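Q: Right, I'll just put the structure down here and ask away after.
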4 protein chains.
Amino acid sequence: MRKDFTNFNYEYIIIITFSYNSHTDYMAIQTRSNTMADRLKIGIVGAGRIGKIHIENIARFIPQAKLEGLADIMLTPEQEAWAKGLGARIVSKNPQDLFKDPEINAVIICSSTDTHADLTVAAAQAGKHIFCEKPIDLTVSKVRAALDAAKKAGVKLQIGFNRRFDHNFARVRKYTLDGAIGDVQLVKITSRDPAPPPIAYVKVSGGIFMDMMIHDFDMARFQAGSEITEVYAAGAVLVDPEIGKAGDIDTAIVTLKFANGAIGVIDNSRKAAYGYDQRVEVFGSKGAAQAENDLPNTVKLSNETSVSAEKPLYFFLERYKQAFVDEMISFTDSILNNKPIAVTGEDGLANMYAALAALKSVKEKRPVSIEEIKAQ
Amino acid sequence: MRKDFTNFNYEYIIIITFSYNSHTDYMAIQTRSNTMADRLKIGIVGAGRIGKIHIENIARFIPQAKLEGLADIMLTPEQEAWAKGLGARIVSKNPQDLFKDPEINAVIICSSTDTHADLTVAAAQAGKHIFCEKPIDLTVSKVRAALDAAKKAGVKLQIGFNRRFDHNFARVRKYTLDGAIGDVQLVKITSRDPAPPPIAYVKVSGGIFMDMMIHDFDMARFQAGSEITEVYAAGAVLVDPEIGKAGDIDTAIVTLKFANGAIGVIDNSRKAAYGYDQRVEVFGSKGAAQAENDLPNTVKLSNETSVSAEKPLYFFLERYKQAFVDEMISFTDSILNNKPIAVTGEDGLANMYAALAALKSVKEKRPVSIEEIKAQ
Amino acid sequence: MRKDFTNFNYEYIIIITFSYNSHTDYMAIQTRSNTMADRLKIGIVGAGRIGKIHIENIARFIPQAKLEGLADIMLTPEQEAWAKGLGARIVSKNPQDLFKDPEINAVIICSSTDTHADLTVAAAQAGKHIFCEKPIDLTVSKVRAALDAAKKAGVKLQIGFNRRFDHNFARVRKYTLDGAIGDVQLVKITSRDPAPPPIAYVKVSGGIFMDMMIHDFDMARFQAGSEITEVYAAGAVLVDPEIGKAGDIDTAIVTLKFANGAIGVIDNSRKAAYGYDQRVEVFGSKGAAQAENDLPNTVKLSNETSVSAEKPLYFFLERYKQAFVDEMISFTDSILNNKPIAVTGEDGLANMYAALAALKSVKEKRPVSIEEIKAQ
Amino acid sequence: MRKDFTNFNYEYIIIITFSYNSHTDYMAIQTRSNTMADRLKIGIVGAGRIGKIHIENIARFIPQAKLEGLADIMLTPEQEAWAKGLGARIVSKNPQDLFKDPEINAVIICSSTDTHADLTVAAAQAGKHIFCEKPIDLTVSKVRAALDAAKKAGVKLQIGFNRRFDHNFARVRKYTLDGAIGDVQLVKITSRDPAPPPIAYVKVSGGIFMDMMIHDFDMARFQAGSEITEVYAAGAVLVDPEIGKAGDIDTAIVTLKFANGAIGVIDNSRKAAYGYDQRVEVFGSKGAAQAENDLPNTVKLSNETSVSAEKPLYFFLERYKQAFVDEMISFTDSILNNKPIAVTGEDGLANMYAALAALKSVKEKRPVSIEEIKAQ
């Protein structure tokens, strides 16, 4: 289920596959030729927090990929030295320097959100495969334009909804696909942050549904194996009145209806005192699968007061550390081996529709169908 | 937290109080006089399944109460012999024989639902304290009449929402009351039955909200410490199409808004393959308390396949076995020591309003306020 | 797996059998005639703590048994009134009054330990079936005499090793018997008390092995399905130096070898800060079964500090509450239906040999075989 | 508690420290100069399974260390190319080529066990700091010689007992050091492999105590914070009779006495059907800390049969993946910053004494003191 790659040299790759469910083949070691021609040559736009994570993951864990270039409009001399040290051939303030380079096969767009759509269009027009961080944009028309551009250009487009690759949530989905829980009837997602973002961020975030719950809409669609058709959202300002003053809410419960007849619910809070709470439950005709939080260790302390365990891993960098690697492995694999993209641009758009429907539902205090949003 | 009573003789009662949180006083044994005059003399109307449980619990576990009489319109000779063997002075087919008896202090009404309201009125008029099984009635006007009668007569009225006395759910509430989770922000209730009732029952049940979720509305109000103000219900027929043909649904997600600003969600299914799923989570500004299912034992089996534990206790008789005892202890204690009733007639009415609002919400596909229901 | 009996009258008994592993027959209700002649008539010797528990359990939970008499050399007027109120026909300071009564079928011996053996002999000679609290005696010769007397008289003799009836430990054993863990290879028992007994008690207790670990020797033999052949004991005084001054130890690890080749280990402590720690693990060729502690509820509290659960149930009265009932149901059933006794006098003797071997092992700092103890 | 290093270039290192117990400083990013002079230059002897892991970990995760050379007497052209590709300046069949190189500061010895001691002596004489895989040797005299050589040369020597760095076991130890469990009284270690090694390996392994339990002796000493003074070992052949024919045992329970008065127990099995079972429990005057197994995910599947979770991570490569990195980080840090070595040569020797005592105990069926072993 997990994949891990070790690049021993430029000629050979050792792929170590851990399969925890089988004794006999738990470590199948495959050796295959990996000439330069085999590797995906990647250019990255944006060297912020998430950009650095992607760069580092590619360097450490993904021998099939190779960093060819970095572009960041705010490029510093330190970043330039760093990128070159990592082998980047092109280091620039202009993303076009990556797009027009004939060697580069794919680009990762992790610049600021307002640039995602335009850069996606530009990269597509340049014939590059694209991994774009979520959201593509905050307006449907620009997202649609980006998707159209990729389609027209015949390039692959993956969106950074990384939680599908989480070891827990992927296992839940696998139980469903294996038939272990029968037909999906209920999907329940708990998703709470350890602390709210700064108010300045809240104001430009697009709101809780577009900024935070959009991940959960993606998870809901992933786990249900079906599209959302209707949304009802109940919201409240319970964490910080400043969030309310900024026109947003910080606590929400959203009911979902899916095309396959299943129903679902997501709850969000901007602040859980005990840390990042990320749980998923899928209930079906034959049973249920529940993913609990990850903990930093398994130790239980028993004393006069109680039997206690540690709080969940603090936030998304800790919880989804491996999922960030695995989404990039999946992207690389999709392109090198011409497999379907795991999280498509259409997924990004569908998640956005759900978020817009939730926003409208909260404002108009009624259930809102996705059709209504699409028709706008 | 748990109470257990042992009647050693008519003169003395040993009350054993288990307090699991304190070493020093974990078993405080109090001895006090318990002459006949101290005991609550109870007449029971209805000797069906739940009636038998109450009778047995009073006989086994509640020395402060005494069975004085039984009335059942379908009374059999076997039931008569049995009740007399248990010390019942009056055994009759006519509840009025209990109501007019001067010795009897309180009556427990567990006859068929359609008789609850009239019997409550009659008992109240006779000056008896009343424990009435849920629901009081399926129509608001008759419930209101029953409440009015009890109020006018100055008698205490407790409704059989026994889950408040469950050891797990009571512990969650206690954490809230102790301030351990801060202000309540979210209440989440999972409530799923192991198997649907017969279709014949479904047809007369009043529907999933009135028959099944009404317990969860009570739990939600109990845990939130606040009244429900608005309900949005999403329902589906996923378990058995016959339930749909009977005009009911078998799967539901209901969003709640509370007067104190908190929001909540309940999900119901008429059939969980793994048994009776009864969980509660209360999330607040300082933390969260989660009650998991009770299991028949703690054993984990590790083998080549997995690490497995037993399924939850099968159904409400197993899960709420002690809660049935504890609600009756509470009722007895309220009357003998003139304490407030734990689950009042007003609670019963409020739960009913929520159920009616949910029903209307599902039908009209919109959120429905409790005020709207009350105004009908 | 659990049995619960409800006595509705003298003519009929409703036996409710909960079988948690099967949906279809989870509540099989059997009705059968239960005339007086069917009931086991019991006399009890000793009305101390454990005597009261047995009396109460018989009165509340075991309709097939009937309390006929009580004898206690320290009998108070209150005890006399109490026993008569519970229906005892004979109340006396002299156990012989029970033994010579022709109606009484069985006696329960829960007087002080030094009287167990003689009373067992006397009861056997009077032809009464016997339930004797552990230990029968602290010397082998007197235990042997008691066993011989019972055997000669052809009466059944059960010893009060109640933990075999614990819902968790019985489930572990059932997994083994069902073949789920294959051949038993390791048995591990953790057994720690919440607090040491008073020093005065320690001095007359026979020591930690005879007083405390003897229960664990019985559990080890029960779970291994085999006799102990050799013991090595490492002991220490870590809880209270006064225990050491009294010639005893308060902490011990004892290695066991079984006749079937399996090996085992028990650890004891007289004081676990977090309460009564009672766990069993059986490891075999196909897997392992682990029984964890029972908790008062399932609630987890998550806050800024940790995720915590409650401590285990405080002590043996709480943890083994149902096991005390079930051992008495088993005893009653063995006699009424002529089934084998679950915990025999030979079991009691074997446990004692193990305790004596452990004591010798600690003193002589070497492993000691059971053969060596038997040969003394 | 966890450390993770990212080498962005030769001039700057970003050290990301995850501190899961603190909100405020959960990600402290420190940037410091890391010129060549700052990095530990390492030569590795042996490119077998464990050698490859160390090389890979150094390359991926430890920017403060730099691979300078590799020596393997069986060196293949592929290995040579691979090592050079990773930047090794020296690639040779002769370890002396590493020892005599003036640039290399430290060597990692992971060749075959029979060469460890001699290579350690040679490396020490060459003035290199040494990380030596366990065991140093199977004879005390050679181990002693290696330790003496390191001491005489004034070089640091770390032994590869990596489990001290396991996130769970380190957390248990931290609870003890923080005083959360009071004085240590009992240490219990469960350590079972998923499958026995080949018989050919068993024959040269030195036996279960020297090959397998030696890790647990180290863990016991680590957790007790005290030296083992006496050992009693009960062994059995229950997994595979071929192991017995090879003169070894496959199942063992070993009782330990520690210098500080605590006692302990380790159980080993060469085959647990459910996988790698690695648990530690430390019990003290104020409470207990228990480390459970790591699982590949947190998902619970509830169905008609049971509630099940996944088996533990399969074997040591999965379970101790991060511990292998962390031991090397610790070694590098000890040398670069002149801190004490976490697992010294004396630790290795003490573990060996315990293993030899256990072996003698099993053979002579008596407890054996460490003094007795040392005096041999």
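Residue numbering restarts at 1 in every chain; chains get A, B, ... in the order shown in the structure tokens, and ligands count up from 1 in that same order.
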When DSSP is applied to the backbone of this structure, which of segment 88-248 of chain D are assigned alpha helix (DSSP H)? Write them out as a PyMOL selection string.
A: chain D and resi 96-99+113-125+140-153+167-177+199-204+208+214-224+241-245
Q: Report the closest atom pair, with its distance in Å rounded to one decimal, for each residue of chain B that has an atom no farther than 10 Å from chain D; count only C-alpha atoms, sort by chain and then rising residue number, and write it as a Markdown table.
A:
| residue | atom | partner | partner_atom | distance |
| --- | --- | --- | --- | --- |
| B:Pro194 | CA | D:Glu304 | CA | 9.9 |
| B:Ala272 | CA | D:Asn303 | CA | 8.4 |
| B:Ala273 | CA | D:Glu304 | CA | 5.3 |
| B:Tyr274 | CA | D:Asn303 | CA | 4.6 |
| B:Gly275 | CA | D:Glu304 | CA | 7.6 |
| B:Lys300 | CA | D:Ser308 | CA | 8.9 |
| B:Leu301 | CA | D:Ser308 | CA | 9.0 |
| B:Ser302 | CA | D:Tyr274 | CA | 5.8 |
| B:Asn303 | CA | D:Tyr274 | CA | 4.6 |
| B:Glu304 | CA | D:Tyr274 | CA | 4.6 |
| B:Thr305 | CA | D:Tyr274 | CA | 7.2 |
| B:Ser306 | CA | D:Lys311 | CA | 4.9 |
| B:Val307 | CA | D:Ala309 | CA | 5.1 |
| B:Ser308 | CA | D:Ser308 | CA | 3.9 |
| B:Ala309 | CA | D:Val307 | CA | 5.1 |
| B:Glu310 | CA | D:Ser306 | CA | 5.0 |
| B:Lys311 | CA | D:Ser306 | CA | 5.0 |
| B:Pro312 | CA | D:Val307 | CA | 8.5 |
Q: When you look at Ala71 of chain C with a cut-off of 6 Å (counting only C-alpha atoms), what residues show up, excluding the ones that are within fewer than 3 positions of it in the same chain? I need them as a PDB file with N, CA, C and O atoms, in the first residue's frame.
A:
ATOM      1  N   VAL C  45     -22.359 -20.624  55.712  1.00  0.00           N
ATOM      2  CA  VAL C  45     -21.598 -20.470  56.954  1.00  0.00           C
ATOM      3  C   VAL C  45     -20.711 -19.238  56.825  1.00  0.00           C
ATOM      4  O   VAL C  45     -19.804 -19.207  55.989  1.00  0.00           O
ATOM      5  N   VAL C  91     -31.422 -19.965  61.416  1.00  0.00           N
ATOM      6  CA  VAL C  91     -30.387 -18.955  61.652  1.00  0.00           C
ATOM      7  C   VAL C  91     -29.752 -19.298  62.985  1.00  0.00           C
ATOM      8  O   VAL C  91     -30.461 -19.426  63.994  1.00  0.00           O
ATOM      9  N   SER C  92     -28.419 -19.463  62.970  1.00  0.00           N
ATOM     10  CA  SER C  92     -27.781 -20.080  64.137  1.00  0.00           C
ATOM     11  C   SER C  92     -26.340 -19.613  64.262  1.00  0.00           C
ATOM     12  O   SER C  92     -25.758 -19.090  63.312  1.00  0.00           O
ATOM     13  N   LYS C  93     -25.781 -19.835  65.448  1.00  0.00           N
ATOM     14  CA  LYS C  93     -24.341 -19.615  65.606  1.00  0.00           C
ATOM     15  C   LYS C  93     -23.561 -20.895  65.307  1.00  0.00           C
ATOM     16  O   LYS C  93     -22.341 -20.888  65.293  1.00  0.00           O
ATOM     17  N   ASN C  94     -24.264 -21.994  65.126  1.00  0.00           N
ATOM     18  CA  ASN C  94     -23.617 -23.293  64.983  1.00  0.00           C
ATOM     19  C   ASN C  94     -23.801 -23.878  63.585  1.00  0.00           C
ATOM     20  O   ASN C  94     -24.910 -24.241  63.188  1.00  0.00           O
ATOM     21  N   PRO C  95     -22.717 -24.004  62.826  1.00  0.00           N
ATOM     22  CA  PRO C  95     -22.821 -24.564  61.470  1.00  0.00           C
ATOM     23  C   PRO C  95     -23.473 -25.949  61.448  1.00  0.00           C
ATOM     24  O   PRO C  95     -24.089 -26.329  60.460  1.00  0.00           O
TER      25      PRO C  95
END
Q: Name all residues at most 7 Å from Arg279 of chain B (count only C-alpha atoms; drop same-chain ones fewer than 4 positions away) and give them as a VMD selection string.
A: chain B and resid 189 to 191 291 to 293
Q: Could you write those residues out with C-alpha atoms, as a short mmCIF file (atom, residue, chain, number, x, y, z; two decimals), in the first residue's frame?
A:
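Output contents, as saved in again_29.cif:
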data_model
loop_
_atom_site.label_atom_id
_atom_site.label_comp_id
_atom_site.auth_asym_id
_atom_site.auth_seq_id
_atom_site.Cartn_x
_atom_site.Cartn_y
_atom_site.Cartn_z
CA ILE B 189 -24.66 11.60 18.00
CA THR B 190 -24.38 8.30 16.18
CA SER B 191 -27.37 6.06 16.75
CA ALA B 291 -18.36 8.00 24.38
CA GLU B 292 -17.63 4.84 22.45
CA ASN B 293 -19.73 1.69 22.30
#
Q: Go through segment 85-150 of chain A and collect every residue that DSSP, computed from the backbone, puts in strand (DSSP E); the answer should be as a list in words.
A: Ile90, Val91, Ser92, Ala106, Val107, Ile108, Ile109, His129, Ile130, Phe131 and Cys132 of chain A
Q: Just write the chosen residues, N, CA and C atoms, as a compact mmCIF listing (two decimals), in the first residue's frame.
A:
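So again.txt came out as:
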# COMPACT_ATOMS: atom_id res chain seq x y z
N ILE A 90 17.70 25.56 -14.30
CA ILE A 90 17.13 26.88 -14.54
C ILE A 90 16.63 27.46 -13.22
N VAL A 91 17.10 28.62 -12.88
CA VAL A 91 16.56 29.30 -11.70
C VAL A 91 16.24 30.71 -12.12
N SER A 92 14.98 31.11 -11.89
CA SER A 92 14.52 32.34 -12.53
C SER A 92 13.40 32.98 -11.72
N ALA A 106 7.11 18.54 -16.90
CA ALA A 106 5.98 18.83 -16.02
C ALA A 106 6.31 19.99 -15.11
N VAL A 107 5.25 20.72 -14.72
CA VAL A 107 5.46 21.82 -13.77
C VAL A 107 4.54 21.65 -12.56
N ILE A 108 5.08 22.10 -11.45
CA ILE A 108 4.31 22.09 -10.20
C ILE A 108 4.05 23.56 -9.86
N ILE A 109 2.77 23.89 -9.75
CA ILE A 109 2.40 25.29 -9.51
C ILE A 109 2.01 25.45 -8.06
N HIS A 129 2.82 18.92 -18.56
CA HIS A 129 1.90 18.33 -17.58
C HIS A 129 1.94 19.20 -16.32
N ILE A 130 0.82 19.22 -15.60
CA ILE A 130 0.69 20.20 -14.51
C ILE A 130 0.21 19.55 -13.21
N PHE A 131 0.90 19.88 -12.15
CA PHE A 131 0.40 19.62 -10.80
C PHE A 131 0.13 20.98 -10.21
N CYS A 132 -1.14 21.28 -9.92
CA CYS A 132 -1.49 22.61 -9.39
C CYS A 132 -2.02 22.48 -7.97
Q: So how many Å separate atom CA of Gly43 of chain B and atom CA of Glu68 of chain B, to one decimal?
A: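 Separation between atom CA of Gly43 of chain B and atom CA of Glu68 of chain B: 5.4 Å.
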Q: Give me the residues near segment 111-118 of chain B as a CSV table (one decimal) with all heavy atoms, in the first residue's frame, where near means some atom within 8 Å (using only C-alpha atoms) and where sequence neighbours in that chain fewer than 5 positions away do not count.
A:
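Okay, this is what ended up in out-v6.csv:
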chain,number,residue,atom,x,y,z
B,45,VAL,N,-48.8,-0.1,35.2
B,45,VAL,CA,-49.8,-0.3,34.2
B,45,VAL,C,-49.1,-0.9,33.0
B,45,VAL,O,-48.3,-0.2,32.3
B,45,VAL,CB,-50.6,1.0,33.8
B,45,VAL,CG1,-51.7,0.6,32.8
B,45,VAL,CG2,-51.2,1.6,35.1
B,46,GLY,N,-49.4,-2.1,32.7
B,46,GLY,CA,-48.8,-2.8,31.5
B,46,GLY,C,-47.7,-3.7,31.9
B,46,GLY,O,-46.7,-3.3,32.5
B,47,ALA,N,-47.9,-5.0,31.4
B,47,ALA,CA,-46.8,-6.0,31.8
B,47,ALA,C,-46.2,-6.6,30.5
B,47,ALA,O,-45.9,-7.7,30.4
B,47,ALA,CB,-47.5,-7.1,32.6
B,48,GLY,N,-46.0,-5.7,29.5
B,48,GLY,CA,-45.3,-6.1,28.3
B,48,GLY,C,-43.8,-6.1,28.6
B,48,GLY,O,-43.4,-6.1,29.7
B,51,GLY,N,-42.6,-3.2,30.7
B,51,GLY,CA,-43.2,-3.3,32.0
B,51,GLY,C,-42.5,-4.4,32.8
B,51,GLY,O,-42.2,-4.2,34.0
B,72,ASP,N,-53.2,-4.7,33.8
B,72,ASP,CA,-53.0,-5.0,32.4
B,72,ASP,C,-54.3,-5.4,31.8
B,72,ASP,O,-54.9,-6.4,32.3
B,72,ASP,CB,-51.9,-6.0,32.2
B,72,ASP,CG,-51.4,-6.1,30.8
B,72,ASP,OD1,-52.2,-6.2,29.9
B,72,ASP,OD2,-50.2,-6.0,30.6
B,132,CYS,N,-44.0,7.8,32.9
B,132,CYS,CA,-44.6,7.4,31.7
B,132,CYS,C,-43.6,7.1,30.6
B,132,CYS,O,-42.7,7.8,30.4
B,132,CYS,CB,-45.5,8.5,31.2
B,132,CYS,SG,-46.5,8.1,29.7
B,133,GLU,N,-43.8,5.9,30.1
B,133,GLU,CA,-42.8,5.5,29.0
B,133,GLU,C,-43.0,6.5,27.8
B,133,GLU,O,-44.1,7.1,27.6
B,133,GLU,CB,-43.1,4.1,28.5
B,133,GLU,CG,-42.3,3.0,29.3
B,133,GLU,CD,-40.8,3.3,29.2
B,133,GLU,OE1,-40.3,3.7,28.1
B,133,GLU,OE2,-40.2,3.2,30.2
B,134,LYS,N,-42.0,6.6,27.0
B,134,LYS,CA,-42.0,7.5,25.8
B,134,LYS,C,-42.6,6.7,24.7
B,134,LYS,O,-42.5,5.5,24.6
B,134,LYS,CB,-40.6,8.0,25.5
B,134,LYS,CG,-39.6,6.8,25.3
B,134,LYS,CD,-38.7,6.9,24.1
B,134,LYS,CE,-39.5,6.8,22.8
B,134,LYS,NZ,-39.0,5.7,21.9
B,135,PRO,N,-43.3,7.4,23.8
B,135,PRO,CA,-43.7,8.8,23.9
B,135,PRO,C,-45.0,8.9,24.6
B,135,PRO,O,-45.8,8.0,24.7
B,135,PRO,CB,-43.9,9.2,22.4
B,135,PRO,CG,-44.4,7.9,21.8
B,135,PRO,CD,-43.8,6.8,22.5
B,136,ILE,N,-45.3,10.1,25.1
B,136,ILE,CA,-46.5,10.3,25.8
B,136,ILE,C,-47.7,10.1,24.9
B,136,ILE,O,-48.7,9.5,25.2
B,136,ILE,CB,-46.6,11.7,26.5
B,136,ILE,CG1,-45.4,11.9,27.4
B,136,ILE,CG2,-47.9,12.0,27.2
B,136,ILE,CD1,-45.2,13.3,28.0
B,137,ASP,N,-47.5,10.7,23.7
B,137,ASP,CA,-48.5,10.5,22.6
B,137,ASP,C,-47.8,10.9,21.3
B,137,ASP,O,-46.7,11.5,21.3
B,137,ASP,CB,-49.7,11.4,22.9
B,137,ASP,CG,-50.9,10.9,22.0
B,137,ASP,OD1,-51.6,9.9,22.5
B,137,ASP,OD2,-51.1,11.4,20.9
B,142,LYS,N,-52.5,16.1,22.8
B,142,LYS,CA,-52.7,15.1,23.9
B,142,LYS,C,-51.5,15.2,24.9
B,142,LYS,O,-51.7,15.0,26.1
B,142,LYS,CB,-52.9,13.7,23.3
B,142,LYS,CG,-54.2,13.6,22.5
B,142,LYS,CD,-54.6,12.1,22.4
B,142,LYS,CE,-55.1,11.6,23.7
B,142,LYS,NZ,-55.7,10.2,23.5
B,143,VAL,N,-50.3,15.4,24.4
B,143,VAL,CA,-49.2,15.5,25.2
B,143,VAL,C,-49.3,16.7,26.2
B,143,VAL,O,-49.1,16.6,27.4
B,143,VAL,CB,-47.8,15.6,24.4
B,143,VAL,CG1,-46.7,15.9,25.4
B,143,VAL,CG2,-47.6,14.4,23.6
B,145,ALA,N,-52.1,18.1,27.0
B,145,ALA,CA,-53.1,17.9,28.0
B,145,ALA,C,-52.6,17.0,29.2
B,145,ALA,O,-52.9,17.3,30.3
B,145,ALA,CB,-54.3,17.1,27.3
B,146,ALA,N,-51.7,16.1,28.9
B,146,ALA,CA,-51.2,15.2,29.9
B,146,ALA,C,-50.3,16.0,30.8
B,146,ALA,O,-50.3,15.9,32.1
B,146,ALA,CB,-50.4,14.1,29.3
Q: List the spatial neighbours of Arg163 of chain C as a PyMOL selection string - criterion: any atom at most 8 Å away, only C-alpha atoms, same-chain residues fewer than 5 positions off excluded.
A: chain C and resi 169+215+219+320+323
